[in-house]
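Novice: Input: one structure, supplied below.
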Amino acid sequence: MISQPGLAVLAGTLVVATVVGWVLRARNGRLRTDGAATGGWVMAGATPTGSDRVLLLQLSSPVCTPCRQTAALLTEFSARRPGVVHREVDAADRPEVARELFVMRTPTVVAFDRDGAELLRVSGVPRLPELDAGIAPALIGTVGETS
């Protein structure tokens, strides 16, 4: 039989876990534009060429199922969107990149402009319409750009 204090602790734990789950779900895939990271192209081991305007740097981990979904989504997105380059970095192999970008979970996607300045970031699987709208200003003047 569970005692009254034990039952109260159990109920409190369940309430806290539920609230944390709701908060994490609400933040999943949401864009943030308050970052100030620089050097994205260097961290990705890439240099912008020709019409490259935006780098989508994805930090992943080998055991992360949403990371695979995000990689497939961004690979297809970058193939359809002129000026967008997608690179994936394994946070386990390159923890210094995750540390420098203050990444606490995978997948996290950080978008950088041609100069390497952070445009936005998304923790979780990105919502493509929001991502597209968020990077659109950096793509103005890109070959093939229609807007």
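So you can find residues: chains in the structure tokens are A, B, ... in the order shown, residues in each start at 1, and ligands are numbered from 1 in order.
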Within 6 Å of range 49-59 of chain A, counting only C-alpha atoms, which residues qualify if same-chain residues fewer than 4 places away don't, as a JSON list (two decimals) with N, CA, C and O atoms, in the first residue's frame?
Specialist:
```
[["chain", "number", "residue", "atom", "x", "y", "z"],
["A", 83, "GLY", "N", 20.55, 28.23, -54.06],
["A", 83, "GLY", "CA", 21.27, 29.04, -53.08],
["A", 83, "GLY", "C", 21.36, 28.43, -51.70],
["A", 83, "GLY", "O", 22.03, 28.97, -50.82],
["A", 84, "VAL", "N", 20.69, 27.29, -51.47],
["A", 84, "VAL", "CA", 20.69, 26.65, -50.15],
["A", 84, "VAL", "C", 21.57, 25.41, -50.18],
["A", 84, "VAL", "O", 21.47, 24.58, -51.07],
["A", 85, "VAL", "N", 22.45, 25.31, -49.18],
["A", 85, "VAL", "CA", 23.36, 24.18, -49.03],
["A", 85, "VAL", "C", 23.06, 23.51, -47.70],
["A", 85, "VAL", "O", 22.90, 24.20, -46.68],
["A", 86, "HIS", "N", 22.97, 22.19, -47.69],
["A", 86, "HIS", "CA", 22.73, 21.43, -46.45],
["A", 86, "HIS", "C", 23.98, 20.61, -46.12],
["A", 86, "HIS", "O", 24.49, 19.90, -46.98],
["A", 87, "ARG", "N", 24.45, 20.73, -44.89],
["A", 87, "ARG", "CA", 25.56, 19.91, -44.40],
["A", 87, "ARG", "C", 25.16, 19.35, -43.04],
["A", 87, "ARG", "O", 24.55, 20.05, -42.23],
["A", 88, "GLU", "N", 25.54, 18.11, -42.81],
["A", 88, "GLU", "CA", 25.23, 17.46, -41.54],
["A", 88, "GLU", "C", 26.51, 17.19, -40.78],
["A", 88, "GLU", "O", 27.50, 16.73, -41.36],
["A", 89, "VAL", "N", 26.50, 17.48, -39.48],
["A", 89, "VAL", "CA", 27.65, 17.25, -38.61],
["A", 89, "VAL", "C", 27.19, 16.32, -37.49],
["A", 89, "VAL", "O", 26.15, 16.56, -36.87],
["A", 90, "ASP", "N", 27.95, 15.27, -37.25],
["A", 90, "ASP", "CA", 27.66, 14.34, -36.15],
["A", 90, "ASP", "C", 28.18, 14.97, -34.86],
["A", 90, "ASP", "O", 29.39, 15.17, -34.70],
["A", 91, "ALA", "N", 27.26, 15.29, -33.96],
["A", 91, "ALA", "CA", 27.64, 15.96, -32.71],
["A", 91, "ALA", "C", 28.53, 15.08, -31.83],
["A", 91, "ALA", "O", 29.31, 15.59, -31.04],
["A", 107, "PRO", "N", 17.82, 16.53, -33.47],
["A", 107, "PRO", "CA", 18.52, 17.38, -34.43],
["A", 107, "PRO", "C", 18.33, 18.86, -34.10],
["A", 107, "PRO", "O", 17.30, 19.28, -33.60],
["A", 108, "THR", "N", 19.36, 19.62, -34.37],
["A", 108, "THR", "CA", 19.28, 21.07, -34.37],
["A", 108, "THR", "C", 19.84, 21.54, -35.69],
["A", 108, "THR", "O", 20.88, 21.08, -36.13],
["A", 109, "VAL", "N", 19.12, 22.44, -36.33],
["A", 109, "VAL", "CA", 19.55, 23.02, -37.61],
["A", 109, "VAL", "C", 19.81, 24.50, -37.38],
["A", 109, "VAL", "O", 18.96, 25.21, -36.85],
["A", 110, "VAL", "N", 21.01, 24.94, -37.75],
["A", 110, "VAL", "CA", 21.36, 26.35, -37.65],
["A", 110, "VAL", "C", 21.59, 26.84, -39.08],
["A", 110, "VAL", "O", 22.39, 26.26, -39.81],
["A", 111, "ALA", "N", 20.87, 27.89, -39.46],
["A", 111, "ALA", "CA", 21.02, 28.47, -40.80],
["A", 111, "ALA", "C", 21.98, 29.64, -40.71],
["A", 111, "ALA", "O", 21.87, 30.49, -39.82],
["A", 112, "PHE", "N", 22.93, 29.67, -41.64],
["A", 112, "PHE", "CA", 23.92, 30.74, -41.71],
["A", 112, "PHE", "C", 23.83, 31.42, -43.07],
["A", 112, "PHE", "O", 23.58, 30.76, -44.08],
["A", 113, "ASP", "N", 24.09, 32.73, -43.10],
["A", 113, "ASP", "CA", 24.12, 33.44, -44.38],
["A", 113, "ASP", "C", 25.46, 33.22, -45.05],
["A", 113, "ASP", "O", 26.33, 32.52, -44.53],
["A", 114, "ARG", "N", 25.64, 33.81, -46.21],
["A", 114, "ARG", "CA", 26.87, 33.61, -46.99],
["A", 114, "ARG", "C", 28.12, 34.05, -46.22],
["A", 114, "ARG", "O", 29.20, 33.49, -46.41],
["A", 139, "LEU", "N", 18.21, 34.93, -49.48],
["A", 139, "LEU", "CA", 18.30, 34.35, -50.81],
["A", 139, "LEU", "C", 17.99, 35.34, -51.92],
["A", 139, "LEU", "O", 18.08, 34.98, -53.10],
["A", 142, "THR", "N", 19.51, 35.40, -55.65],
["A", 142, "THR", "CA", 20.06, 34.09, -56.01],
["A", 142, "THR", "C", 19.55, 33.70, -57.40],
["A", 142, "THR", "O", 18.38, 33.90, -57.70]]
```
Novice: Please return as number ranges by chain: the residues of range 5-136 of chain A that backbone DSSP assigns to strand (DSSP E).
Specialist: A: 31-32, 54-60, 84-90, 108-113, 118-123
Novice: Which of these residues is nearest to Cys64 in chain A, using only C-alpha atoms: A:Leu101, A:Leu119, A:Leu10, A:Val125?
Specialist: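 When distances to Cys64 in chain A are compared using only C-alpha atoms, the smallest one comes from A:Val125.
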Novice: What does the structure give for the distance between CA of Ala72 in chain A and CA of Ala138 in chain A, in Å to one decimal?
Specialist: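 The value is 22.6 Å.
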Novice: Could you tell me how far CA of Pro48 in chain A lies from CA of Leu131 in chain A, in Å and to one decimal?
Specialist: 19.7 Å
Novice: Could you go through chain A and tell me which residues DSSP, when run on the backbone, assigns to alpha helix (DSSP H), listing them as a PyMOL selection string?
Specialist: chain A and resi 4-27+40-44+65-80+95-100+128-135
Novice: Find the residues of range 91-142 of chain A that sit at most 6 Å from range 36-47 of chain A; for each, write down the nearest two atoms and how far apart they are in Å, to one decimal. Count only C-alpha atoms. Sort by chain, then by number going up, and give it as a tab-separated table.
Specialist:
```
residue	atom	partner	partner_atom	distance
A:Phe112	CA	A:Gly40	CA	5.9
A:Gly116	CA	A:Gly39	CA	4.7
A:Ala117	CA	A:Thr38	CA	4.5
A:Glu118	CA	A:Ala37	CA	5.2
```
Novice: Rounded to one decimal place, report the CA of Arg127 in chain A-CA of Val97 in chain A distance in Å.
Specialist: 23.3 Å
Novice: Near Gly134 in chain A, within 9 Å and counting only C-alpha atoms, which residues show up once chain neighbours fewer than 4 positions away are dropped, as JSON, numbers by chain?
Specialist: {"A": [31, 33, 119, 120, 129, 130, 138]}
Novice: Next, write the just-selected residues to a file, as a PDB file, in the first residue's frame, keeping N, CA, C and O atoms as the atom set.
Specialist:
```pdb
ATOM      1  N   LEU A  31      11.122  27.956 -35.021  1.00  0.00           N
ATOM      2  CA  LEU A  31      12.281  28.777 -35.377  1.00  0.00           C
ATOM      3  C   LEU A  31      12.620  29.756 -34.263  1.00  0.00           C
ATOM      4  O   LEU A  31      11.735  30.328 -33.636  1.00  0.00           O
ATOM      5  N   THR A  33      15.258  33.137 -33.806  1.00  0.00           N
ATOM      6  CA  THR A  33      16.116  34.055 -34.560  1.00  0.00           C
ATOM      7  C   THR A  33      16.977  34.911 -33.645  1.00  0.00           C
ATOM      8  O   THR A  33      17.477  35.948 -34.059  1.00  0.00           O
ATOM      9  N   LEU A 119      21.398  33.020 -39.036  1.00  0.00           N
ATOM     10  CA  LEU A 119      20.101  33.593 -39.406  1.00  0.00           C
ATOM     11  C   LEU A 119      19.009  33.123 -38.456  1.00  0.00           C
ATOM     12  O   LEU A 119      18.176  33.905 -38.011  1.00  0.00           O
ATOM     13  N   LEU A 120      19.010  31.818 -38.187  1.00  0.00           N
ATOM     14  CA  LEU A 120      17.975  31.215 -37.349  1.00  0.00           C
ATOM     15  C   LEU A 120      18.423  29.825 -36.937  1.00  0.00           C
ATOM     16  O   LEU A 120      19.413  29.319 -37.436  1.00  0.00           O
ATOM     17  N   PRO A 129       7.707  25.268 -44.367  1.00  0.00           N
ATOM     18  CA  PRO A 129       7.216  26.606 -44.742  1.00  0.00           C
ATOM     19  C   PRO A 129       7.831  27.714 -43.880  1.00  0.00           C
ATOM     20  O   PRO A 129       8.194  28.776 -44.384  1.00  0.00           O
ATOM     21  N   GLU A 130       7.978  27.459 -42.571  1.00  0.00           N
ATOM     22  CA  GLU A 130       8.583  28.452 -41.683  1.00  0.00           C
ATOM     23  C   GLU A 130      10.074  28.618 -41.977  1.00  0.00           C
ATOM     24  O   GLU A 130      10.591  29.743 -41.983  1.00  0.00           O
ATOM     25  N   ALA A 138      17.688  36.133 -47.115  1.00  0.00           N
ATOM     26  CA  ALA A 138      19.108  35.908 -47.434  1.00  0.00           C
ATOM     27  C   ALA A 138      19.301  35.363 -48.844  1.00  0.00           C
ATOM     28  O   ALA A 138      20.421  35.339 -49.348  1.00  0.00           O
TER      29      ALA A 138
END
```
